[in-house]
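Asker: Quick one: structure below, then a few questions.
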Amino acid sequence: MSPGDIIMKKRLGQTLSREEIRAFVRGATDGSFADYQLSAMLMAICIQGMSPEETVELTMAMAESGERMDLSAIRGVKVDKHSTGGVGDTTTLILAPLIACCPGIKMAKMSGRGLGHTGGTLDKLEAIPGMNVGLSRQRFMEIADRIGVALTGQSAELAPADQKLYALRDVTATVDSLPLITSSILSKKIAAGCDVVVLDVKSGSGALMPTLEKSIELAQTMVQIGNRTGRRFSALVTDMDQPLGLYVGNALEVKEAILTLSGAVQGPLKQVSLMLGGQILQSAGLVQDAKQGADILESKIKSGEGLKKMAQWIQAQGGDERVVEEPDRLPKAGREIDLLSAQSGYVSALNTAMIGNAARVLGAGRLKKEDIIDPAVGLVMKKRIGDFVKAGECWCTLHVGAASDLNQARSLMDQALSLSPIRQPAPRLIHAVVDAQGTHYIEG
């Protein structure tokens with residue numbers, strides 16, 4: 001079968017066979033399909049869509065395009081969590097050590113770097129002096145088995161077809177295709193070898209899917225397809241109409257995770273972390289429901305076990321565990337600049353993508369994979385939607401470095417803030433839970 005025949009079949013809206021899908025993925029992996037042929041195929045999929053059966057075949061073919069991790073040497077249920085990308089989204093750094101405190105379950109997670117306005121877990125961890133996120137496979141599994149949590153970068157050998165197709169999707173306006181998003185995310189998670197995966201699907205101004213309807217559809221598609229591959233998948237659809245935490249930037253977000261685990265910080269970041277963790281415990285069969293799981297994890301914060309486990313995890317991966325007791329050991333920006341409100345009013349909206357991009361131009365993120373990150377820079381929000389801000393009051397503090405584009409960051413933050421004379425209700429944190437039994441909408 002020729003590339004042209006496969007492209008034509010999908011362009012006409014016909015269903016591709018297993019062999020045709022695998023030929024397409026093989027072509028992306030070994031270079032036998034030219035970039036223009038792959039791009040044409042991606043556009044055909046984007047326009048015509050794929051059936052659930054086609055999406056399963058595409059996902060599995062991509063998962064099998066390279067190595068597949070065998071985590072059987074790690075005792076207990078192996079779990080993972082994946083976010084579709086957010087701002088101030090530090091949930092992994094909070095829930096990973098909490099999960100590791102629970103007997104019979106291990107978090108063995110492979111993560112990526114941030115790109116665009118969303119942060120990457122690897123970049124955050126590398127803000128900890130000495131932290132090694134490039135573990136060998138043997139060391140990764142040894143740490144996960146011994147202390148209950150290990151996190152490392154994604155191997156280039158894992159789902160290599162996705163790396164090729166993702167790069168092309170980014171430049172061919174085919175990023176927002178449900179079958180392509182689903183196969184991209186799930187292929188890497190399946191190849192990574194965990195038994196249980198909980199997805200955090202963001203919705204709002206800083207999300208991959210800006211509308212709730214599309215976010216729920218994506219969550220449903222990924223859970224349905226994921227469970228058909230023999231793994232246990234579920235998802236939470238969570239809000240990204242404002243930063244989840246107050247701290248945005250790599251060292252700053254590590255600090256907020258430490259403060260949360262110490263019990264010093266409450267709020268949305270902690271709540272979403274606990275609910276994601278509760279869903280993991282439920283999916284792993286350790287508790288009857290996610291609420292019970294969240295309560296168990298909160299008890300690990302109150303007892304100090306979570307913070308101790310974080311220090312143990314950092315030490316195991318070569319980092320300076322003293323940052324847990326002394327967060328000031330984390331990198332600090334050279335200057336702090338307060339942004340003052342020009343008028344009084346209630347915060348009615350915060351454009352999360354603009355806030356994420358403001359952090360990026362300060363140096364906390366990257367547009368290209370080769371861009372250099374400054375771990376110290378970022379911003380700290382002082383207000384959330386529904387809060388009142390007076391004229392002349394600080395609503396955000398920028399943490400600025402030598403290479404920061406301060407003018408552009410100021411401009412983006414000015415555009416991100418909307419005020420109203422009428423108080424707006426805070427957005428709901430969790431919109432829905434999607435699991436094998438269906439979609440459960442959260443009321444109130």
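Each chain of the structure tokens is named A, B, ... in the order shown, its residues numbered from 1; ligands are numbered from 1 in display order.
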Can you pull out the residues contacting Met141 in chain A? Cut-off 9 Å, using only C-alpha atoms, and skip same-chain residues under 5 positions away; I want them as a PyMOL selection string.

Answerer: chain A and resi 71+73-74+108+136+146+150

Asker: Could you pull out all residues of range 145-246 of chain A with a DSSP call of alpha helix (DSSP H) and give them as a PyMOL selection string?

Answerer: chain A and resi 145-147+160-171+178-192+212-228

Asker: In Å, rounded to a single decimal, give me how far CA of Pro268 in chain A is from CA of Phe388 in chain A.

Answerer: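 Computing the Euclidean distance for CA of Phe388 in chain A and CA of Pro268 in chain A yields 18.0 Å.
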
Asker: Which neighbours of Gly263 in chain A fall inside 12 Å, counting only C-alpha atoms, when residues of the same chain fewer than 4 positions from it are skipped, and could you give them as a VMD selection string?

Answerer: chain A and resid 94 256 to 259 267 270 298 to 307

Asker: Apply DSSP to the structure's backbone, then extract all residues of range 191-252 of chain A labelled strand (DSSP E or B) and return them as a list in words.

Answerer: Val196, Val197, Val198, Leu199, Asp200, Val201, Lys202, Ser203, Met209, Arg232, Phe233, Ser234, Ala235, Leu236, Val237, Thr238, Asp239, Tyr247 and Val248 of chain A

Asker: Rounded to one decimal in Å, what is the spacing between CA of Leu417 in chain A and CA of Gly378 in chain A?

Answerer: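 Interatomic distance here is 16.7 Å.
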
Asker: Go through range 65-94 of chain A and flag each residue having an atom no more than 12 Å from range 152-155 of chain A; for those, report the closest pair of atoms plus their distance in Å to one decimal, using only C-alpha atoms, ordered by chain and rising number, as JSON lines.

Answerer:
{"residue": "A:Gly66", "atom": "CA", "partner": "A:Ser155", "partner_atom": "CA", "distance": 9.9}
{"residue": "A:Glu67", "atom": "CA", "partner": "A:Ser155", "partner_atom": "CA", "distance": 8.9}
{"residue": "A:Arg68", "atom": "CA", "partner": "A:Ser155", "partner_atom": "CA", "distance": 10.2}
{"residue": "A:Met69", "atom": "CA", "partner": "A:Ser155", "partner_atom": "CA", "distance": 10.0}
